[in-house]
file query07.txt (compact mmCIF, C-alpha atoms (C1' of nucleotides))
# COMPACT_ATOMS: atom_id res chain seq x y z
CA MET A 1 7.18 28.40 -15.14
CA THR A 2 10.45 27.75 -16.85
CA THR A 3 9.16 27.19 -20.37
CA THR A 4 6.33 29.05 -21.99
CA SER A 5 3.49 26.93 -23.33
CA LEU A 6 3.88 26.37 -27.04
CA SER A 7 1.84 23.26 -27.53
CA THR A 8 -1.58 22.72 -26.08
CA GLY A 9 -3.52 19.68 -24.94
CA ALA A 10 -2.31 16.33 -23.76
CA ASP A 11 1.23 16.75 -24.99
CA GLN A 12 1.83 19.68 -22.75
CA ARG A 13 2.73 17.56 -19.78
CA ALA A 14 5.19 15.53 -21.79
CA ALA A 15 6.48 18.56 -23.69
CA ILE A 16 7.53 20.26 -20.52
CA ALA A 17 9.84 17.38 -19.82
CA ALA A 18 13.36 18.46 -20.75
CA TYR A 19 13.84 19.98 -17.36
CA GLY A 20 16.04 19.28 -14.44
CA SER A 21 16.38 15.55 -14.58
CA ALA A 22 19.37 15.25 -16.88
CA LEU A 23 21.80 17.02 -14.57
CA GLU A 24 23.09 13.74 -13.27
CA PRO A 25 22.12 10.61 -15.14
CA VAL A 26 21.08 8.46 -12.13
CA ASP A 27 23.50 5.64 -11.46
CA PRO A 28 22.41 2.78 -13.76
CA GLU A 29 23.58 0.12 -11.34
CA LEU A 30 21.45 1.56 -8.57
CA LEU A 31 18.61 1.94 -11.03
CA SER A 32 18.68 -1.74 -11.86
CA LEU A 33 19.02 -2.64 -8.17
CA LEU A 34 15.84 -0.71 -7.56
CA GLU A 35 14.13 -2.89 -10.14
CA LEU A 36 12.45 -0.11 -12.01
CA PRO A 37 11.22 -1.25 -15.43
CA ASP A 38 13.53 -0.76 -18.39
CA ASP A 39 10.83 1.06 -20.28
CA LEU A 40 10.17 3.50 -17.46
CA PRO A 41 8.52 6.56 -19.02
CA ASP A 42 10.40 9.84 -18.69
CA ARG A 43 7.56 11.46 -16.84
CA LEU A 44 4.86 9.91 -14.71
CA SER A 45 1.72 11.25 -13.13
CA ILE A 46 1.20 10.73 -9.44
CA ALA A 47 -1.22 7.89 -10.17
CA GLU A 48 1.35 6.14 -12.33
CA ALA A 49 4.08 6.69 -9.77
CA ALA A 50 1.82 5.25 -7.08
CA GLU A 51 1.00 2.24 -9.21
CA LEU A 52 4.65 1.58 -9.93
CA THR A 53 5.92 1.95 -6.38
CA GLY A 54 3.02 0.36 -4.55
CA LEU A 55 2.64 3.47 -2.42
CA THR A 56 -0.52 5.56 -2.42
CA ALA A 57 -0.76 8.99 -4.03
CA HIS A 58 -1.41 10.32 -0.54
CA THR A 59 1.86 8.86 0.66
CA LEU A 60 3.78 10.24 -2.29
CA ARG A 61 2.48 13.72 -1.54
CA TYR A 62 3.35 13.20 2.08
CA TYR A 63 6.94 12.21 1.26
CA GLU A 64 7.30 15.30 -0.86
CA ARG A 65 5.75 17.52 1.79
CA ILE A 66 8.23 16.40 4.43
CA GLY A 67 11.13 16.95 2.06
CA LEU A 68 12.15 13.42 1.15
CA VAL A 69 11.89 14.06 -2.57
CA ASP A 70 11.56 16.97 -4.99
CA VAL A 71 8.96 16.63 -7.69
CA HIS A 72 8.51 18.91 -10.68
CA ARG A 73 5.20 20.32 -11.83
CA ASP A 74 3.87 20.36 -15.37
CA ALA A 75 2.14 23.33 -16.97
CA ALA A 76 -1.11 22.48 -15.25
CA GLY A 77 0.61 22.39 -11.87
CA TYR A 78 0.40 18.60 -11.74
CA ARG A 79 3.24 16.55 -10.26
CA SER A 80 5.51 14.98 -12.84
CA TYR A 81 7.81 12.20 -11.64
CA ASP A 82 11.05 11.76 -13.53
CA ARG A 83 13.56 8.93 -13.36
CA ARG A 84 15.44 10.58 -10.55
CA ALA A 85 12.36 11.07 -8.44
CA MET A 86 11.22 7.51 -9.07
CA ALA A 87 14.62 6.14 -8.13
CA ARG A 88 14.64 8.09 -4.92
CA ILE A 89 11.14 7.05 -4.02
CA VAL A 90 11.86 3.38 -4.55
CA PHE A 91 15.07 3.76 -2.58
CA ILE A 92 13.13 5.37 0.25
CA SER A 93 10.52 2.65 0.14
CA ARG A 94 13.25 0.01 0.44
CA LEU A 95 14.64 1.74 3.49
CA ARG A 96 11.17 2.04 4.96
CA ALA A 97 10.39 -1.61 4.25
CA SER A 98 13.52 -2.53 6.14
CA GLY A 99 12.48 -0.51 9.14
CA MET A 100 14.43 2.70 8.79
CA SER A 101 12.43 5.50 10.38
CA ILE A 102 11.44 8.50 8.34
CA SER A 103 13.51 10.73 10.58
CA THR A 104 16.60 8.64 9.90
CA ILE A 105 15.90 8.70 6.18
CA SER A 106 15.53 12.48 6.39
CA HIS A 107 18.83 12.67 8.17
CA TYR A 108 20.54 10.52 5.58
CA LEU A 109 19.17 12.61 2.73
CA GLU A 110 20.27 15.75 4.50
CA LEU A 111 23.79 14.31 4.62
CA VAL A 112 23.55 13.65 0.89
CA ARG A 113 22.57 17.27 0.34
CA GLN A 114 25.54 18.45 2.35
CA GLY A 115 27.94 16.90 -0.10
CA ASP A 116 30.84 14.49 -0.31
CA GLN A 117 32.40 15.28 3.02
CA THR A 118 29.50 13.56 4.81
CA GLU A 119 30.25 10.21 3.21
CA PRO A 120 31.81 8.72 6.35
CA GLN A 121 28.63 9.47 8.26
CA ARG A 122 26.49 8.02 5.51
CA LEU A 123 28.66 4.94 5.51
CA ALA A 124 28.26 4.53 9.25
CA LEU A 125 24.53 5.00 8.96
CA MET A 126 24.22 2.40 6.23
CA GLN A 127 26.43 -0.06 8.07
CA GLN A 128 24.28 0.31 11.12
CA HIS A 129 21.18 -0.17 9.03
CA ARG A 130 22.69 -3.28 7.54
CA GLY A 131 22.98 -4.68 11.05
CA GLY A 132 19.33 -3.95 11.62
CA ILE A 133 18.33 -5.73 8.44
CA GLN A 134 20.31 -8.78 9.42
CA ARG A 135 18.73 -8.85 12.83
CA GLN A 136 15.32 -8.66 11.18
CA LEU A 137 16.24 -11.48 8.84
CA ARG A 138 17.12 -13.64 11.82
CA GLU A 139 13.89 -12.73 13.58
CA LEU A 140 11.87 -13.53 10.49
CA GLN A 141 13.55 -16.92 10.25
CA LEU A 142 12.52 -17.65 13.83
CA ALA A 143 8.98 -16.50 13.09
CA LEU A 144 8.89 -18.62 9.95
CA ALA A 145 9.96 -21.62 11.98
CA VAL A 146 7.16 -21.31 14.54
CA THR A 147 4.64 -20.49 11.83
CA ASP A 148 5.62 -23.57 9.87
CA TYR A 149 5.47 -25.55 13.06
CA LYS A 150 1.89 -24.43 13.68
CA ILE A 151 0.96 -25.12 10.09
CA GLY A 152 2.28 -28.62 10.60
CA VAL A 153 0.34 -29.06 13.83
CA TYR A 154 -2.85 -28.04 12.06
CA GLY A 155 -2.19 -30.57 9.34
CA GLY A 156 -1.50 -28.06 6.65
CA SER A 157 1.23 -27.78 4.10
CA ALA A 158 3.56 -24.84 3.92
CA ALA A 159 2.50 -23.88 0.43
CA PRO A 160 -1.17 -22.95 0.67
CA MET B 1 -5.55 -16.59 47.49
CA THR B 2 -5.40 -20.30 46.87
CA THR B 3 -2.98 -21.29 49.59
CA THR B 4 -2.65 -19.79 53.02
CA SER B 5 0.75 -18.38 53.85
CA LEU B 6 2.80 -20.89 55.76
CA SER B 7 6.27 -19.72 55.00
CA THR B 8 7.33 -16.12 55.08
CA GLY B 9 9.90 -14.07 53.20
CA ALA B 10 11.51 -14.75 49.87
CA ASP B 11 10.34 -18.34 49.55
CA GLN B 12 6.73 -17.38 49.58
CA ARG B 13 6.65 -16.57 45.88
CA ALA B 14 8.29 -19.85 45.00
CA ALA B 15 6.24 -21.78 47.53
CA ILE B 16 3.03 -20.75 45.88
CA ALA B 17 4.17 -22.39 42.70
CA ALA B 18 2.36 -25.70 42.33
CA TYR B 19 -0.59 -24.03 40.73
CA GLY B 20 -2.14 -24.08 37.33
CA SER B 21 0.81 -24.60 35.10
CA ALA B 22 0.98 -28.36 35.02
CA LEU B 23 -2.40 -28.91 33.36
CA GLU B 24 -0.84 -29.32 29.98
CA PRO B 25 2.91 -29.74 29.82
CA VAL B 26 3.65 -27.26 27.00
CA ASP B 27 4.74 -28.91 23.78
CA PRO B 28 8.49 -29.50 24.16
CA GLU B 29 9.10 -29.11 20.44
CA LEU B 30 7.46 -25.70 20.42
CA LEU B 31 9.33 -24.85 23.58
CA SER B 32 12.66 -25.53 21.95
CA LEU B 33 11.59 -23.68 18.82
CA LEU B 34 10.91 -20.67 20.98
CA GLU B 35 14.49 -20.89 22.22
CA LEU B 36 13.70 -20.53 25.86
CA PRO B 37 16.64 -21.58 28.03
CA ASP B 38 16.75 -25.18 29.24
CA ASP B 39 17.13 -24.03 32.79
CA LEU B 40 14.10 -21.76 32.63
CA PRO B 41 12.94 -21.23 36.23
CA ASP B 42 9.44 -22.43 37.06
CA ARG B 43 8.32 -18.99 38.08
CA LEU B 44 9.61 -15.62 36.99
CA SER B 45 8.98 -12.10 38.17
CA ILE B 46 7.90 -9.52 35.63
CA ALA B 47 11.43 -8.11 35.57
CA GLU B 48 12.87 -11.54 34.82
CA ALA B 49 10.26 -12.19 32.16
CA ALA B 50 11.04 -8.84 30.58
CA GLU B 51 14.73 -9.55 30.61
CA LEU B 52 14.25 -12.94 29.02
CA THR B 53 11.87 -11.86 26.29
CA GLY B 54 13.39 -8.50 25.48
CA LEU B 55 10.04 -6.82 26.06
CA THR B 56 9.53 -4.19 28.72
CA ALA B 57 7.57 -4.82 31.91
CA HIS B 58 5.13 -2.20 30.65
CA THR B 59 4.58 -4.18 27.48
CA LEU B 60 4.10 -7.41 29.39
CA ARG B 61 1.41 -5.79 31.51
CA TYR B 62 -0.15 -4.38 28.38
CA TYR B 63 -0.29 -7.80 26.71
CA GLU B 64 -1.96 -9.21 29.77
CA ARG B 65 -4.39 -6.32 30.00
CA ILE B 66 -5.59 -6.81 26.45
CA GLY B 67 -6.04 -10.51 27.01
CA LEU B 68 -3.13 -12.01 25.10
CA VAL B 69 -1.90 -13.97 28.08
CA ASP B 70 -3.01 -15.00 31.55
CA VAL B 71 -0.55 -14.53 34.35
CA HIS B 72 -0.86 -15.83 37.89
CA ARG B 73 -0.26 -13.80 41.01
CA ASP B 74 1.80 -14.81 44.00
CA ALA B 75 0.77 -14.25 47.61
CA ALA B 76 1.89 -10.65 47.44
CA GLY B 77 -0.20 -10.01 44.35
CA TYR B 78 2.87 -9.93 42.13
CA ARG B 79 2.81 -11.43 38.66
CA SER B 80 4.41 -14.85 38.41
CA TYR B 81 5.26 -16.09 34.93
CA ASP B 82 5.27 -19.84 34.45
CA ARG B 83 6.58 -21.87 31.53
CA ARG B 84 3.28 -21.69 29.73
CA ALA B 85 3.06 -17.93 30.04
CA MET B 86 6.64 -17.53 28.90
CA ALA B 87 6.06 -19.76 25.90
CA ARG B 88 3.01 -17.81 24.90
CA ILE B 89 4.74 -14.48 25.29
CA VAL B 90 7.69 -15.53 23.17
CA PHE B 91 5.30 -16.95 20.61
CA ILE B 92 3.43 -13.65 20.55
CA SER B 93 6.65 -11.71 20.23
CA ARG B 94 7.64 -13.86 17.24
CA LEU B 95 4.34 -13.11 15.57
CA ARG B 96 4.71 -9.42 16.35
CA ALA B 97 8.27 -9.35 15.05
CA SER B 98 7.00 -10.81 11.81
CA GLY B 99 4.39 -8.12 11.45
CA MET B 100 1.23 -9.78 12.68
CA SER B 101 -1.01 -7.11 14.17
CA ILE B 102 -2.16 -7.40 17.73
CA SER B 103 -5.75 -7.67 16.59
CA THR B 104 -4.89 -10.65 14.40
CA ILE B 105 -3.00 -12.26 17.26
CA SER B 106 -6.02 -11.70 19.50
CA HIS B 107 -8.21 -13.31 16.90
CA TYR B 108 -5.91 -16.29 16.60
CA LEU B 109 -5.79 -16.78 20.36
CA GLU B 110 -9.55 -16.51 20.50
CA LEU B 111 -9.74 -19.34 17.97
CA VAL B 112 -7.42 -21.35 20.20
CA ARG B 113 -9.75 -20.74 23.12
CA GLN B 114 -12.71 -21.93 21.10
CA GLY B 115 -11.23 -25.37 20.75
CA ASP B 116 -10.25 -27.91 18.17
CA GLN B 117 -12.98 -27.20 15.67
CA THR B 118 -11.34 -23.90 14.79
CA GLU B 119 -8.17 -25.57 13.57
CA PRO B 120 -8.97 -25.04 9.89
CA GLN B 121 -9.27 -21.31 10.49
CA ARG B 122 -6.05 -21.25 12.46
CA LEU B 123 -4.36 -23.12 9.67
CA ALA B 124 -5.58 -20.61 7.10
CA LEU B 125 -4.45 -17.76 9.29
CA MET B 126 -0.99 -19.20 9.74
CA GLN B 127 -0.65 -20.00 6.06
CA GLN B 128 -1.55 -16.45 5.22
CA HIS B 129 0.95 -15.20 7.76
CA ARG B 130 3.59 -17.43 6.24
CA GLY B 131 3.00 -15.65 2.95
CA GLY B 132 3.49 -12.33 4.66
CA ILE B 133 6.76 -13.48 6.20
CA GLN B 134 8.06 -14.62 2.85
CA ARG B 135 7.14 -11.33 1.26
CA GLN B 136 9.00 -9.54 4.03
CA LEU B 137 12.02 -11.77 3.52
CA ARG B 138 12.07 -10.81 -0.14
CA GLU B 139 11.72 -7.13 0.70
CA LEU B 140 14.52 -7.35 3.21
CA GLN B 141 16.77 -8.97 0.62
CA LEU B 142 16.10 -6.06 -1.73
CA ALA B 143 16.80 -3.59 1.05
CA LEU B 144 19.98 -5.44 1.95
CA ALA B 145 21.09 -5.24 -1.67
CA VAL B 146 20.69 -1.46 -1.92
CA THR B 147 22.21 -0.98 1.52
CA ASP B 148 25.25 -3.04 0.58
CA TYR B 149 25.43 -1.13 -2.67
CA LYS B 150 25.56 2.17 -0.79
CA ILE B 151 28.13 0.80 1.63
CA GLY B 152 30.23 -0.11 -1.38
CA VAL B 153 29.81 3.34 -2.90
CA TYR B 154 30.98 4.93 0.32
CA GLY B 155 34.04 2.71 0.35
CA GLY B 156 32.98 0.66 3.31
CA SER B 157 32.90 -3.04 3.89
CA ALA B 158 29.75 -4.94 4.68
CA ALA B 159 30.99 -6.15 8.03
CA PRO B 160 31.51 -3.02 10.12
C1' DC C 1 -21.80 24.79 -22.45
C1' DT C 2 -21.64 20.88 -18.66
C1' DT C 3 -19.93 16.67 -16.96
C1' DT C 4 -16.30 13.61 -15.61
C1' DG C 5 -12.20 12.63 -13.57
C1' DC C 6 -7.77 13.37 -12.02
C1' DC C 7 -5.24 16.66 -10.02
C1' DT C 8 -4.00 20.62 -6.48
C1' DT C 9 -3.22 22.52 -1.37
C1' DC C 10 -4.16 22.65 3.38
C1' DG C 11 -5.03 21.24 7.80
C1' DA C 12 -6.84 17.97 10.62
C1' DG C 13 -7.77 13.15 12.03
C1' DT C 14 -6.73 8.25 12.73
C1' DG C 15 -4.95 3.74 14.35
C1' DC C 16 -1.55 1.32 16.24
C1' DG C 17 1.35 -0.14 19.80
C1' DC C 18 3.00 0.94 23.21
C1' DT C 19 4.63 4.19 27.16
C1' DC C 20 4.23 6.80 31.14
C1' DG C 21 3.01 8.62 35.69
C1' DA C 22 0.53 8.82 39.88
C1' DA C 23 -0.64 6.70 44.09
C1' DG C 24 0.10 3.13 46.81
C1' DG C 25 1.43 -2.00 48.65
C1' DC C 26 4.98 -5.42 50.03
C1' DA C 27 9.53 -7.07 51.62
C1' DT C 28 14.31 -6.86 52.57
C1' DA C 29 18.31 -3.98 54.61
C1' DC C 30 19.73 -1.17 58.07
C1' DG D 1 11.19 1.97 63.17
C1' DT D 2 12.56 3.93 58.15
C1' DA D 3 14.46 3.69 53.67
C1' DT D 4 14.90 1.30 49.34
C1' DG D 5 13.29 -0.91 45.54
C1' DC D 6 10.31 -3.65 42.97
C1' DC D 7 5.77 -4.43 42.46
C1' DT D 8 0.50 -3.22 41.83
C1' DT D 9 -3.68 -0.74 39.16
C1' DC D 10 -5.58 2.83 36.55
C1' DG D 11 -6.15 6.02 33.07
C1' DA D 12 -4.13 9.04 30.11
C1' DG D 13 -0.64 10.40 26.71
C1' DC D 14 2.45 9.90 22.90
C1' DG D 15 5.01 9.26 18.44
C1' DC D 16 4.87 7.54 14.20
C1' DA D 17 3.39 7.17 9.59
C1' DC D 18 0.30 7.86 7.27
C1' DT D 19 -4.73 8.97 5.81
C1' DC D 20 -8.52 11.68 4.84
C1' DG D 21 -11.63 15.38 3.42
C1' DA D 22 -12.83 19.84 1.89
C1' DA D 23 -12.64 23.19 -1.61
C1' DG D 24 -11.26 24.10 -5.89
C1' DG D 25 -8.42 23.95 -10.72
C1' DC D 26 -7.63 21.95 -15.36
C1' DA D 27 -8.84 19.50 -19.53
C1' DA D 28 -10.71 15.95 -22.62
C1' DA D 29 -15.51 14.12 -23.86
C1' DG D 30 -20.11 14.87 -25.22

call {"tool": "encode", "arguments": {"input": "query07.txt", "output": "structure tokens"}}
result
Amino acid sequence: MTTTSLSTGADQRAAIAAYGSALEPVDPELLSLLELPDDLPDRLSIAEAAELTGLTAHTLRYYERIGLVDVHRDAAGYRSYDRRAMARIVFISRLRASGMSISTISHYLELVRQGDQTEPQRLALMQQHRGGIQRQLRELQLALAVTDYKIGVYGGSAAP
Amino acid sequence: MTTTSLSTGADQRAAIAAYGSALEPVDPELLSLLELPDDLPDRLSIAEAAELTGLTAHTLRYYERIGLVDVHRDAAGYRSYDRRAMARIVFISRLRASGMSISTISHYLELVRQGDQTEPQRLALMQQHRGGIQRQLRELQLALAVTDYKIGVYGGSAAP
DNA sequence: CTTTGCCTTCGAGTGCGCTCGAAGGCATAC
DNA sequence: GTATGCCTTCGAGCGCACTCGAAGGCAAAG
């Protein structure tokens, strides 16, 4: 769409790469927090992205469909996940894993789209989420205690 | 049903009490692990049970309906939650809060019903659940890290 | 050429865990 | 008596987050 096909074959997907992702370099501190591998390829297929994130290809398409992430297409029309997309997806999956609803994530990302003046709202949202995470941590500790108790009752050891 | 009504009025529900719950005394260690109050009344209405557990009355009826817990009825046909029922409900809510599905909980409770010879299976189940809890704890730590990172970016402090 | 396999879009379906509402019973207050 | 409020059972409904399947495109292998 943006570039005309010069090369053919397998390289085409990679060749199409210099597109869109270098606008902002993706905060390296966040990138390392998200624990993406250092040798993360520039462009990944949906199968590779699924493998790396632990989500299914179906779920990745779903996240894109509902507007959580933008994903480029290569010359064949296939999805091509760049560093930015991967970072966002892992970020989203962290929020999901900590119980943030998809509608709240959508709202947060909409605030991001609206620019810097929404930072106070984003801050409030994240602070509230932090409270939720801490509550969950406490609940998990309680659950761990009763689970370990039962394991003890059944004569087992905690490490299976 | 079991006793004929001698008293009338408010005491009737309490009067019906000496029924069923004293068969086994409920493991005091588990009871304290479940953090039920020391002054837990012998018999609670569904509203009181809901209040104490943080579940809704609807959910308590649902858990009973699907066979997770047995609950006695008073002379008026109202549910009356004894210590044993409360302990089980809190136990269930701990398992739920740590991500055990209702069908797995049902299975576990069915094993309990089947008697001592199912202890190895219960042990395995709880050990597996322990693994799940630990995985969730790790995921929550990662989520907490990115959340705190964002809070920092937005100029906020972790304690709101 | 055909086969294989991964990819596309689209819309519909699924499973879970509640959640609700209707219709009615019981008990205390007035 | 009636009104209020909490309780009962029953079946149905709902929201969420996927999850799936059909129909078809693209490209490397044989």

call {"tool": "closest_residue", "arguments": {"input": "query07.txt", "among": "D:DA3, D:DA28, D:DA17, D:DC10", "to": "DA23 of chain C", "atoms": "all atoms listed in the file"}}
result
D:DC10

call {"tool": "calpha_fit_and_write", "arguments": {"input": "query07.txt", "fixed": "chain A", "moving": "chain B", "output": "CSV table (one decimal) with C-alpha atoms, in the frame of the given file"}}
result
chain,number,residue,atom,x,y,z
B,1,MET,CA,6.6,28.4,-15.4
B,2,THR,CA,9.9,27.7,-17.2
B,3,THR,CA,8.5,27.3,-20.7
B,4,THR,CA,5.6,29.1,-22.3
B,5,SER,CA,2.8,26.9,-23.5
B,6,LEU,CA,3.2,26.3,-27.2
B,7,SER,CA,1.4,23.1,-27.6
B,8,THR,CA,-2.0,22.4,-26.1
B,9,GLY,CA,-3.7,19.3,-24.8
B,10,ALA,CA,-2.3,16.1,-23.7
B,11,ASP,CA,1.2,16.7,-25.0
B,12,GLN,CA,1.8,19.6,-22.8
B,13,ARG,CA,2.8,17.6,-19.9
B,14,ALA,CA,5.3,15.6,-21.9
B,15,ALA,CA,6.4,18.6,-23.8
B,16,ILE,CA,7.5,20.3,-20.6
B,17,ALA,CA,9.9,17.5,-20.0
B,18,ALA,CA,13.4,18.6,-20.9
B,19,TYR,CA,13.9,20.1,-17.5
B,20,GLY,CA,16.0,19.3,-14.5
B,21,SER,CA,16.4,15.6,-14.7
B,22,ALA,CA,19.4,15.3,-16.9
B,23,LEU,CA,21.9,17.0,-14.6
B,24,GLU,CA,23.1,13.7,-13.3
B,25,PRO,CA,22.2,10.6,-15.1
B,26,VAL,CA,21.2,8.4,-12.1
B,27,ASP,CA,23.6,5.6,-11.4
B,28,PRO,CA,22.5,2.8,-13.7
B,29,GLU,CA,23.6,0.1,-11.3
B,30,LEU,CA,21.5,1.6,-8.5
B,31,LEU,CA,18.7,1.9,-11.0
B,32,SER,CA,18.7,-1.7,-11.9
B,33,LEU,CA,19.0,-2.6,-8.2
B,34,LEU,CA,15.9,-0.7,-7.6
B,35,GLU,CA,14.2,-2.9,-10.2
B,36,LEU,CA,12.5,-0.1,-12.0
B,37,PRO,CA,11.3,-1.2,-15.4
B,38,ASP,CA,13.6,-0.7,-18.4
B,39,ASP,CA,10.9,1.1,-20.3
B,40,LEU,CA,10.3,3.5,-17.4
B,41,PRO,CA,8.6,6.6,-19.0
B,42,ASP,CA,10.5,9.9,-18.7
B,43,ARG,CA,7.7,11.5,-16.8
B,44,LEU,CA,5.0,10.0,-14.7
B,45,SER,CA,1.8,11.3,-13.1
B,46,ILE,CA,1.3,10.8,-9.4
B,47,ALA,CA,-1.1,8.0,-10.2
B,48,GLU,CA,1.5,6.2,-12.4
B,49,ALA,CA,4.2,6.7,-9.8
B,50,ALA,CA,1.9,5.3,-7.1
B,51,GLU,CA,1.1,2.3,-9.2
B,52,LEU,CA,4.7,1.6,-9.9
B,53,THR,CA,6.0,2.0,-6.4
B,54,GLY,CA,3.0,0.4,-4.6
B,55,LEU,CA,2.7,3.5,-2.4
B,56,THR,CA,-0.5,5.6,-2.4
B,57,ALA,CA,-0.7,9.1,-4.0
B,58,HIS,CA,-1.3,10.4,-0.6
B,59,THR,CA,1.9,8.9,0.7
B,60,LEU,CA,3.8,10.3,-2.3
B,61,ARG,CA,2.6,13.8,-1.5
B,62,TYR,CA,3.4,13.2,2.1
B,63,TYR,CA,7.0,12.2,1.3
B,64,GLU,CA,7.4,15.3,-0.8
B,65,ARG,CA,5.8,17.5,1.8
B,66,ILE,CA,8.3,16.4,4.5
B,67,GLY,CA,11.2,16.9,2.1
B,68,LEU,CA,12.2,13.4,1.2
B,69,VAL,CA,12.0,14.1,-2.5
B,70,ASP,CA,11.6,17.0,-4.9
B,71,VAL,CA,9.1,16.7,-7.6
B,72,HIS,CA,8.6,19.0,-10.6
B,73,ARG,CA,5.3,20.4,-11.8
B,74,ASP,CA,4.0,20.4,-15.3
B,75,ALA,CA,2.3,23.4,-17.0
B,76,ALA,CA,-0.9,22.6,-15.2
B,77,GLY,CA,0.7,22.5,-11.8
B,78,TYR,CA,0.5,18.7,-11.7
B,79,ARG,CA,3.4,16.6,-10.3
B,80,SER,CA,5.6,15.0,-12.8
B,81,TYR,CA,7.9,12.3,-11.6
B,82,ASP,CA,11.2,11.8,-13.5
B,83,ARG,CA,13.7,9.0,-13.3
B,84,ARG,CA,15.5,10.6,-10.5
B,85,ALA,CA,12.4,11.1,-8.4
B,86,MET,CA,11.3,7.5,-9.1
B,87,ALA,CA,14.7,6.1,-8.1
B,88,ARG,CA,14.7,8.1,-4.9
B,89,ILE,CA,11.2,7.1,-4.0
B,90,VAL,CA,11.9,3.4,-4.5
B,91,PHE,CA,15.1,3.8,-2.6
B,92,ILE,CA,13.2,5.4,0.3
B,93,SER,CA,10.5,2.7,0.1
B,94,ARG,CA,13.3,0.0,0.4
B,95,LEU,CA,14.6,1.7,3.5
B,96,ARG,CA,11.2,2.0,5.0
B,97,ALA,CA,10.4,-1.6,4.2
B,98,SER,CA,13.5,-2.5,6.1
B,99,GLY,CA,12.5,-0.5,9.2
B,100,MET,CA,14.4,2.7,8.8
B,101,SER,CA,12.4,5.5,10.4
B,102,ILE,CA,11.5,8.5,8.4
B,103,SER,CA,13.5,10.7,10.6
B,104,THR,CA,16.6,8.6,10.0
B,105,ILE,CA,15.9,8.7,6.2
B,106,SER,CA,15.6,12.5,6.4
B,107,HIS,CA,18.9,12.6,8.2
B,108,TYR,CA,20.6,10.5,5.6
B,109,LEU,CA,19.2,12.6,2.8
B,110,GLU,CA,20.3,15.7,4.6
B,111,LEU,CA,23.8,14.3,4.7
B,112,VAL,CA,23.6,13.6,1.0
B,113,ARG,CA,22.6,17.2,0.4
B,114,GLN,CA,25.6,18.4,2.4
B,115,GLY,CA,28.0,16.9,0.0
B,116,ASP,CA,30.9,14.4,-0.2
B,117,GLN,CA,32.4,15.2,3.1
B,118,THR,CA,29.6,13.5,4.9
B,119,GLU,CA,30.3,10.2,3.3
B,120,PRO,CA,31.8,8.7,6.4
B,121,GLN,CA,28.7,9.4,8.3
B,122,ARG,CA,26.5,8.0,5.6
B,123,LEU,CA,28.7,4.9,5.6
B,124,ALA,CA,28.3,4.5,9.3
B,125,LEU,CA,24.5,4.9,9.0
B,126,MET,CA,24.2,2.4,6.3
B,127,GLN,CA,26.4,-0.1,8.1
B,128,GLN,CA,24.2,0.3,11.2
B,129,HIS,CA,21.2,-0.2,9.1
B,130,ARG,CA,22.7,-3.3,7.6
B,131,GLY,CA,22.9,-4.7,11.1
B,132,GLY,CA,19.3,-4.0,11.6
B,133,ILE,CA,18.3,-5.8,8.4
B,134,GLN,CA,20.3,-8.8,9.4
B,135,ARG,CA,18.7,-8.9,12.8
B,136,GLN,CA,15.3,-8.7,11.2
B,137,LEU,CA,16.2,-11.5,8.8
B,138,ARG,CA,17.1,-13.7,11.8
B,139,GLU,CA,13.8,-12.7,13.6
B,140,LEU,CA,11.8,-13.5,10.5
B,141,GLN,CA,13.5,-16.9,10.2
B,142,LEU,CA,12.4,-17.7,13.8
B,143,ALA,CA,8.9,-16.5,13.1
B,144,LEU,CA,8.8,-18.6,9.9
B,145,ALA,CA,9.9,-21.6,12.0
B,146,VAL,CA,7.1,-21.3,14.5
B,147,THR,CA,4.6,-20.5,11.8
B,148,ASP,CA,5.5,-23.6,9.8
B,149,TYR,CA,5.4,-25.6,13.1
B,150,LYS,CA,1.8,-24.4,13.7
B,151,ILE,CA,0.9,-25.1,10.1
B,152,GLY,CA,2.2,-28.6,10.6
B,153,VAL,CA,0.3,-29.1,13.8
B,154,TYR,CA,-2.9,-28.0,12.1
B,155,GLY,CA,-2.3,-30.6,9.3
B,156,GLY,CA,-1.6,-28.1,6.6
B,157,SER,CA,1.2,-27.8,4.1
B,158,ALA,CA,3.5,-24.9,3.9
B,159,ALA,CA,2.5,-24.0,0.4
B,160,PRO,CA,-1.1,-23.0,0.6

call {"tool": "atom_distance", "arguments": {"input": "query07.txt", "atom1": "atom CA of Leu60 of chain B", "atom2": "atom CA of Asp82 of chain B"}}
result
13.5 Å

call {"tool": "interface_residues", "arguments": {"input": "query07.txt", "of": "chain B", "to": "chain D", "cutoff": "12 Å", "atoms": "only C-alpha atoms (C1' of nucleotides)", "output": "number ranges by chain"}}
result
B: 45-48, 57, 61-62, 65, 73-74, 76-80

call {"tool": "write_last_selection", "arguments": {"input": "query07.txt", "atoms": "C-alpha atoms", "output": "compact mmCIF listing (two decimals), in the frame of the given file"}}
result
# COMPACT_ATOMS: atom_id res chain seq x y z
CA SER B 45 8.98 -12.10 38.17
CA ILE B 46 7.90 -9.52 35.63
CA ALA B 47 11.43 -8.11 35.57
CA GLU B 48 12.87 -11.54 34.82
CA ALA B 57 7.57 -4.82 31.91
CA ARG B 61 1.41 -5.79 31.51
CA TYR B 62 -0.15 -4.38 28.38
CA ARG B 65 -4.39 -6.32 30.00
CA ARG B 73 -0.26 -13.80 41.01
CA ASP B 74 1.80 -14.81 44.00
CA ALA B 76 1.89 -10.65 47.44
CA GLY B 77 -0.20 -10.01 44.35
CA TYR B 78 2.87 -9.93 42.13
CA ARG B 79 2.81 -11.43 38.66
CA SER B 80 4.41 -14.85 38.41

call {"tool": "closest_residue", "arguments": {"input": "query07.txt", "among": "A:Ala87, A:Leu40, A:Leu34, A:Ile105", "to": "chain B", "atoms": "all atoms listed in the file"}}
result
A:Leu34
